[in-house]
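A quick write-up on the structure given underneath.
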Amino acid sequence: MNRYLERLYNGLWKENPTFVLMLGMCPTLAVTTSAINGIGMGLSTTVVLVLSNMMISALRNIIPDRVRMPAFIVVVASFVTIVQFLMEGFTPSLYASLGIYIPLIVVNCIILGRAESYASKNPILPSMFDGIGMGLGFTVGLTLIGMVREILGNGSVFNVAITPLNNYHISLFGLAPGAFFVLGGLVAIMNVIRKKMEAKGKPLPAAQGCLAGDCSGCSLSSACTGKAAGSQASATTESSGKEENN
């Protein structure tokens with residue numbers, strides 16, 4: 001069970017997709033005008049992430065490498081369509097608020113990143129917990145940003161008014177620039193916490209895996225556009241240059 005708890009801890013803190021890996025910034029900045037929107041977007045992404053991780057893990061030995069990414073996208077798109085129909089039927093107001101960002105979950109780099117870096121290489125149960133951890137970390141990030149923006153921009157939280165006068169509202173935080181200010185502030189707070197823990201001799205482990213830029217031990221093909229591909233390209237260029245000089 002420690003392995004599964006580690007996957008939850010990984011997504012919530014060590015490799016939080018919003019505050020550490022800085023992934024999924026498009027929905028993070030666009031839909032977090034309120035705490036409810038943040039929770040709705042986070043939980044819908046979590047459902048898709050968990051289900052797609054489990055399906056991709058179950059099919060990891062069947063999917064050929066040459067069609068790996070197209071297969072992942074088909075799996076993710078299928079679950080996104082199901083979630084979209086359910087939200088449209090049971091939570092129409094939230095569905096209208098999130099709008100185009102629900103179908104855009106298909107290309108969310110968190111979903112495809114976890115499919116590539118973890119689910120396609122591990123059994124079903126750990127992949128499920130990895131999806132839960134990453135999804136909850138994403139949900140917490142969106143909800144915190146939405147709460148701060150809603151309090152400062154509208155004087156309410158979860159649509160419940162907490163300030164009596166409109167003079168206490170800062171409309172900037174309800175607009176696009178407000179999302180950048182709030183995200184930057186929360187990331188700064190998390191960095192301070194991490195540094196204090198390091199000063200106490202309890203440093204948090206560094207983020208690992210493809211999403212963190214660590215390509216050691218990666219078995220991706222030439223389709224990879226990450227650090228490994230860049231290093232390989234540099235090595236190829238250097239060797240070509242030496243051959244020409246010779």
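Please note that chains go A, B, ... in the order of the structure tokens, that every chain numbers its residues from 1, and that ligands are numbered from 1 in the order shown.
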>> List as number ranges by chain the protein and nucleic acid residues near stretch 102-114 of chain A, meaning an atom at most 9 Å away when only C-alpha atoms are counted, but skip any in the same chain fewer than 5 places from it.
In response: A: 17, 23-24, 26-27, 41, 44-45, 48-49, 52-53, 69, 72-74, 76-81, 83-84, 95, 119-120, 127, 130-131, 134-135, 138, 210-211
Dump N, CA and C atoms for the selected residues as a compact mmCIF listing (two decimals), in the first residue's frame?
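Output saved as part.txt:
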# COMPACT_ATOMS: atom_id res chain seq x y z
N PRO A 17 0.87 19.03 -10.56
CA PRO A 17 0.90 19.48 -11.95
C PRO A 17 0.78 20.98 -12.13
N LEU A 23 1.96 22.42 -15.51
CA LEU A 23 1.28 21.84 -16.66
C LEU A 23 -0.19 22.22 -16.65
N GLY A 24 -0.82 22.11 -17.81
CA GLY A 24 -2.24 22.41 -17.91
C GLY A 24 -2.56 23.87 -17.63
N CYS A 26 -3.42 26.28 -19.61
CA CYS A 26 -4.55 26.86 -20.35
C CYS A 26 -5.84 26.81 -19.54
N PRO A 27 -6.31 25.62 -19.10
CA PRO A 27 -7.52 25.60 -18.26
C PRO A 27 -7.28 26.24 -16.90
N MET A 41 -13.68 21.59 -13.18
CA MET A 41 -12.67 21.28 -14.18
C MET A 41 -11.68 20.25 -13.64
N SER A 44 -13.42 16.68 -13.34
CA SER A 44 -13.66 16.08 -14.66
C SER A 44 -12.34 15.60 -15.27
N THR A 45 -11.27 16.37 -15.08
CA THR A 45 -9.96 15.94 -15.56
C THR A 45 -9.48 14.72 -14.79
N VAL A 48 -11.19 11.53 -16.15
CA VAL A 48 -10.59 11.14 -17.42
C VAL A 48 -9.19 10.58 -17.20
N LEU A 49 -8.42 11.21 -16.32
CA LEU A 49 -7.05 10.78 -16.06
C LEU A 49 -7.00 9.38 -15.46
N SER A 52 -8.38 6.75 -18.18
CA SER A 52 -7.45 6.57 -19.30
C SER A 52 -6.16 5.89 -18.84
N ASN A 53 -5.67 6.23 -17.63
CA ASN A 53 -4.50 5.55 -17.11
C ASN A 53 -4.74 4.04 -16.97
N MET A 69 0.99 7.09 -29.53
CA MET A 69 0.32 8.35 -29.23
C MET A 69 -1.09 8.44 -29.83
N PHE A 72 -3.32 6.45 -27.58
CA PHE A 72 -3.58 7.14 -26.31
C PHE A 72 -4.65 8.22 -26.50
N ILE A 73 -4.55 8.97 -27.59
CA ILE A 73 -5.51 10.05 -27.83
C ILE A 73 -6.91 9.49 -28.04
N VAL A 74 -7.02 8.36 -28.74
CA VAL A 74 -8.34 7.74 -28.94
C VAL A 74 -8.94 7.33 -27.61
N VAL A 76 -8.25 8.54 -24.56
CA VAL A 76 -8.58 9.75 -23.78
C VAL A 76 -9.82 10.43 -24.35
N ALA A 77 -9.90 10.55 -25.67
CA ALA A 77 -11.05 11.21 -26.30
C ALA A 77 -12.35 10.47 -26.01
N SER A 78 -12.30 9.15 -25.93
CA SER A 78 -13.50 8.38 -25.63
C SER A 78 -14.03 8.70 -24.24
N PHE A 79 -13.13 8.75 -23.25
CA PHE A 79 -13.56 9.06 -21.88
C PHE A 79 -13.98 10.52 -21.75
N VAL A 80 -13.32 11.42 -22.46
CA VAL A 80 -13.71 12.83 -22.42
C VAL A 80 -15.12 13.00 -22.96
N THR A 81 -15.45 12.30 -24.02
CA THR A 81 -16.80 12.38 -24.60
C THR A 81 -17.85 11.91 -23.60
N VAL A 83 -17.57 11.90 -20.26
CA VAL A 83 -17.65 12.91 -19.19
C VAL A 83 -18.40 14.14 -19.67
N GLN A 84 -18.16 14.54 -20.90
CA GLN A 84 -18.83 15.71 -21.45
C GLN A 84 -20.35 15.52 -21.51
N TYR A 95 -21.39 22.90 -17.02
CA TYR A 95 -21.00 22.58 -18.39
C TYR A 95 -20.91 23.85 -19.23
N ALA A 119 1.56 5.28 -17.05
CA ALA A 119 0.56 4.24 -17.28
C ALA A 119 1.02 3.21 -18.30
N SER A 120 1.75 3.65 -19.32
CA SER A 120 2.17 2.72 -20.37
C SER A 120 3.32 1.82 -19.93
N SER A 127 -1.19 2.60 -11.70
CA SER A 127 -1.55 3.63 -12.67
C SER A 127 -2.82 4.34 -12.25
N ASP A 130 -1.85 6.69 -9.51
CA ASP A 130 -1.11 7.81 -10.11
C ASP A 130 -2.08 8.82 -10.71
N GLY A 131 -3.11 8.31 -11.39
CA GLY A 131 -4.11 9.20 -11.95
C GLY A 131 -4.89 9.95 -10.87
N MET A 134 -2.42 12.70 -9.35
CA MET A 134 -2.23 13.82 -10.26
C MET A 134 -3.52 14.61 -10.45
N GLY A 135 -4.64 13.88 -10.55
CA GLY A 135 -5.92 14.56 -10.73
C GLY A 135 -6.30 15.39 -9.53
N PHE A 138 -4.15 18.47 -9.39
CA PHE A 138 -4.66 19.45 -10.35
C PHE A 138 -5.92 20.12 -9.82
N CYS A 210 9.47 11.93 -17.31
CA CYS A 210 9.46 12.71 -18.54
C CYS A 210 8.88 14.09 -18.34
N LEU A 211 7.85 14.20 -17.49
CA LEU A 211 7.22 15.49 -17.29
C LEU A 211 8.14 16.47 -16.62
Can you check which parts of stretch 49-165 of chain A lie within 10 Å of stretch 175-184 of chain A? Per residue, the shortest pair of atoms and distance in Å to one decimal, counting only C-alpha atoms, sorted by chain and number, as JSON lines.
{"residue": "A:Gly141", "atom": "CA", "partner": "A:Leu183", "partner_atom": "CA", "distance": 8.9}
{"residue": "A:Leu142", "atom": "CA", "partner": "A:Leu183", "partner_atom": "CA", "distance": 9.4}
{"residue": "A:Leu144", "atom": "CA", "partner": "A:Val182", "partner_atom": "CA", "distance": 9.2}
{"residue": "A:Ile145", "atom": "CA", "partner": "A:Val182", "partner_atom": "CA", "distance": 6.3}
{"residue": "A:Gly146", "atom": "CA", "partner": "A:Ala179", "partner_atom": "CA", "distance": 8.6}
{"residue": "A:Met147", "atom": "CA", "partner": "A:Val182", "partner_atom": "CA", "distance": 10.0}
{"residue": "A:Val148", "atom": "CA", "partner": "A:Val182", "partner_atom": "CA", "distance": 7.1}
{"residue": "A:Arg149", "atom": "CA", "partner": "A:Gly178", "partner_atom": "CA", "distance": 7.0}
{"residue": "A:Leu152", "atom": "CA", "partner": "A:Gly178", "partner_atom": "CA", "distance": 9.4}
{"residue": "A:Gly153", "atom": "CA", "partner": "A:Leu175", "partner_atom": "CA", "distance": 8.4}
Those residues with N, CA, C and O atoms, as a JSON list (two decimals), in the first residue's frame please?
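The result, written out as part.json:
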[["chain", "number", "residue", "atom", "x", "y", "z"],
["A", 141, "GLY", "N", -5.05, 22.60, -7.05],
["A", 141, "GLY", "CA", -4.47, 23.81, -7.63],
["A", 141, "GLY", "C", -5.52, 24.72, -8.23],
["A", 141, "GLY", "O", -5.55, 25.93, -7.96],
["A", 142, "LEU", "N", -6.42, 24.17, -9.04],
["A", 142, "LEU", "CA", -7.46, 24.97, -9.68],
["A", 142, "LEU", "C", -8.41, 25.56, -8.64],
["A", 142, "LEU", "O", -8.84, 26.71, -8.77],
["A", 144, "LEU", "N", -7.82, 26.28, -5.41],
["A", 144, "LEU", "CA", -7.17, 27.35, -4.65],
["A", 144, "LEU", "C", -7.11, 28.64, -5.47],
["A", 144, "LEU", "O", -7.41, 29.73, -4.95],
["A", 145, "ILE", "N", -6.73, 28.52, -6.72],
["A", 145, "ILE", "CA", -6.68, 29.71, -7.58],
["A", 145, "ILE", "C", -8.08, 30.31, -7.74],
["A", 145, "ILE", "O", -8.27, 31.53, -7.66],
["A", 146, "GLY", "N", -9.07, 29.44, -7.96],
["A", 146, "GLY", "CA", -10.45, 29.92, -8.11],
["A", 146, "GLY", "C", -10.97, 30.59, -6.86],
["A", 146, "GLY", "O", -11.67, 31.61, -6.93],
["A", 147, "MET", "N", -10.64, 30.04, -5.69],
["A", 147, "MET", "CA", -11.09, 30.63, -4.42],
["A", 147, "MET", "C", -10.50, 32.03, -4.22],
["A", 147, "MET", "O", -11.21, 32.98, -3.88],
["A", 148, "VAL", "N", -9.20, 32.16, -4.45],
["A", 148, "VAL", "CA", -8.56, 33.46, -4.26],
["A", 148, "VAL", "C", -9.12, 34.49, -5.24],
["A", 148, "VAL", "O", -9.42, 35.63, -4.87],
["A", 149, "ARG", "N", -9.27, 34.09, -6.49],
["A", 149, "ARG", "CA", -9.80, 35.03, -7.50],
["A", 149, "ARG", "C", -11.25, 35.40, -7.20],
["A", 149, "ARG", "O", -11.65, 36.57, -7.38],
["A", 152, "LEU", "N", -11.28, 37.82, -4.02],
["A", 152, "LEU", "CA", -10.79, 39.16, -4.31],
["A", 152, "LEU", "C", -11.59, 39.85, -5.41],
["A", 152, "LEU", "O", -11.76, 41.08, -5.38],
["A", 153, "GLY", "N", -12.07, 39.09, -6.36],
["A", 153, "GLY", "CA", -12.78, 39.69, -7.49],
["A", 153, "GLY", "C", -14.26, 39.92, -7.27],
["A", 153, "GLY", "O", -14.83, 40.90, -7.77]]
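With distances taken over only C-alpha atoms, A:Val187 is the one residue among A:Glu6, A:Val187, A:Phe129, A:Ser156 lying closest to A:Met22.
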> Can you list, as a PyMOL selection string, every residue of stretch 1-153 of chain A that DSSP puts in helix (DSSP H, G or I)?
Replying inline: chain A and resi 2-14+25-30+35-58+65-90+92-101+103-107+109-117+119-121+124-153
> How many Å separate atom CA of A:Asn154 from atom CA of A:Phe173?
Replying inline: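 Atom-to-atom, atom CA of A:Asn154 and atom CA of A:Phe173 are spaced 8.5 Å apart.
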>> With DSSP run on the backbone, what are the strand (DSSP E) residues within stretch 65-225 of chain A? I'd like them as a list in words.
In response: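 Filtering stretch 65-225 of chain A to strand (DSSP E) leaves Ser156, Val157, Val160 and Ala161 of chain A.
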Next, write the just-selected residues to a file, as a PDB file, in the first residue's frame, keeping all heavy atoms as the atom set.
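In the end it all went to out-v2.pdb:
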ATOM      1  N   SER A 156     -16.862  36.774  -2.749  1.00  0.00           N
ATOM      2  CA  SER A 156     -17.619  35.571  -2.399  1.00  0.00           C
ATOM      3  C   SER A 156     -16.725  34.356  -2.570  1.00  0.00           C
ATOM      4  O   SER A 156     -15.634  34.441  -3.147  1.00  0.00           O
ATOM      5  CB  SER A 156     -18.855  35.428  -3.290  1.00  0.00           C
ATOM      6  OG  SER A 156     -18.478  35.290  -4.657  1.00  0.00           O
ATOM      7  N   VAL A 157     -17.191  33.230  -2.047  1.00  0.00           N
ATOM      8  CA  VAL A 157     -16.499  31.972  -2.260  1.00  0.00           C
ATOM      9  C   VAL A 157     -17.557  30.879  -2.365  1.00  0.00           C
ATOM     10  O   VAL A 157     -18.477  30.817  -1.558  1.00  0.00           O
ATOM     11  CB  VAL A 157     -15.499  31.676  -1.126  1.00  0.00           C
ATOM     12  CG1 VAL A 157     -16.180  31.580   0.217  1.00  0.00           C
ATOM     13  CG2 VAL A 157     -14.705  30.407  -1.423  1.00  0.00           C
ATOM     14  N   VAL A 160     -21.049  32.196  -2.254  1.00  0.00           N
ATOM     15  CA  VAL A 160     -21.575  32.703  -0.985  1.00  0.00           C
ATOM     16  C   VAL A 160     -20.847  33.999  -0.651  1.00  0.00           C
ATOM     17  O   VAL A 160     -19.617  34.008  -0.505  1.00  0.00           O
ATOM     18  CB  VAL A 160     -21.378  31.678   0.153  1.00  0.00           C
ATOM     19  CG1 VAL A 160     -21.884  32.248   1.474  1.00  0.00           C
ATOM     20  CG2 VAL A 160     -22.090  30.376  -0.179  1.00  0.00           C
ATOM     21  N   ALA A 161     -21.600  35.100  -0.542  1.00  0.00           N
ATOM     22  CA  ALA A 161     -20.985  36.402  -0.294  1.00  0.00           C
ATOM     23  C   ALA A 161     -20.334  36.432   1.086  1.00  0.00           C
ATOM     24  O   ALA A 161     -20.917  35.992   2.073  1.00  0.00           O
ATOM     25  CB  ALA A 161     -22.036  37.499  -0.401  1.00  0.00           C
TER      26      ALA A 161
END
Which polymer residues have any atom within 12 Å of an atom of A:Ile62, counting only C-alpha atoms, with same-chain residues fewer than 6 positions away left out, as a PDB file with N, CA and C atoms, in the first residue's frame?
ATOM      1  N   MET A  55      -7.005   2.180 -18.565  1.00  0.00           N
ATOM      2  CA  MET A  55      -7.179   1.540 -19.868  1.00  0.00           C
ATOM      3  C   MET A  55      -5.849   1.391 -20.594  1.00  0.00           C
ATOM      4  N   ILE A  56      -5.038   2.453 -20.578  1.00  0.00           N
ATOM      5  CA  ILE A  56      -3.749   2.412 -21.270  1.00  0.00           C
ATOM      6  C   ILE A  56      -2.819   1.407 -20.608  1.00  0.00           C
ATOM      7  N   ARG A  68       1.519   4.486 -30.775  1.00  0.00           N
ATOM      8  CA  ARG A  68       1.309   4.681 -29.349  1.00  0.00           C
ATOM      9  C   ARG A  68       0.503   5.950 -29.051  1.00  0.00           C
ATOM     10  N   ALA A  71      -3.118   6.013 -30.338  1.00  0.00           N
ATOM     11  CA  ALA A  71      -3.948   5.131 -29.520  1.00  0.00           C
ATOM     12  C   ALA A  71      -4.290   5.787 -28.184  1.00  0.00           C
ATOM     13  N   SER A 120       1.746   3.648 -19.324  1.00  0.00           N
ATOM     14  CA  SER A 120       2.175   2.720 -20.368  1.00  0.00           C
ATOM     15  C   SER A 120       3.317   1.819 -19.931  1.00  0.00           C
TER      16      SER A 120
END
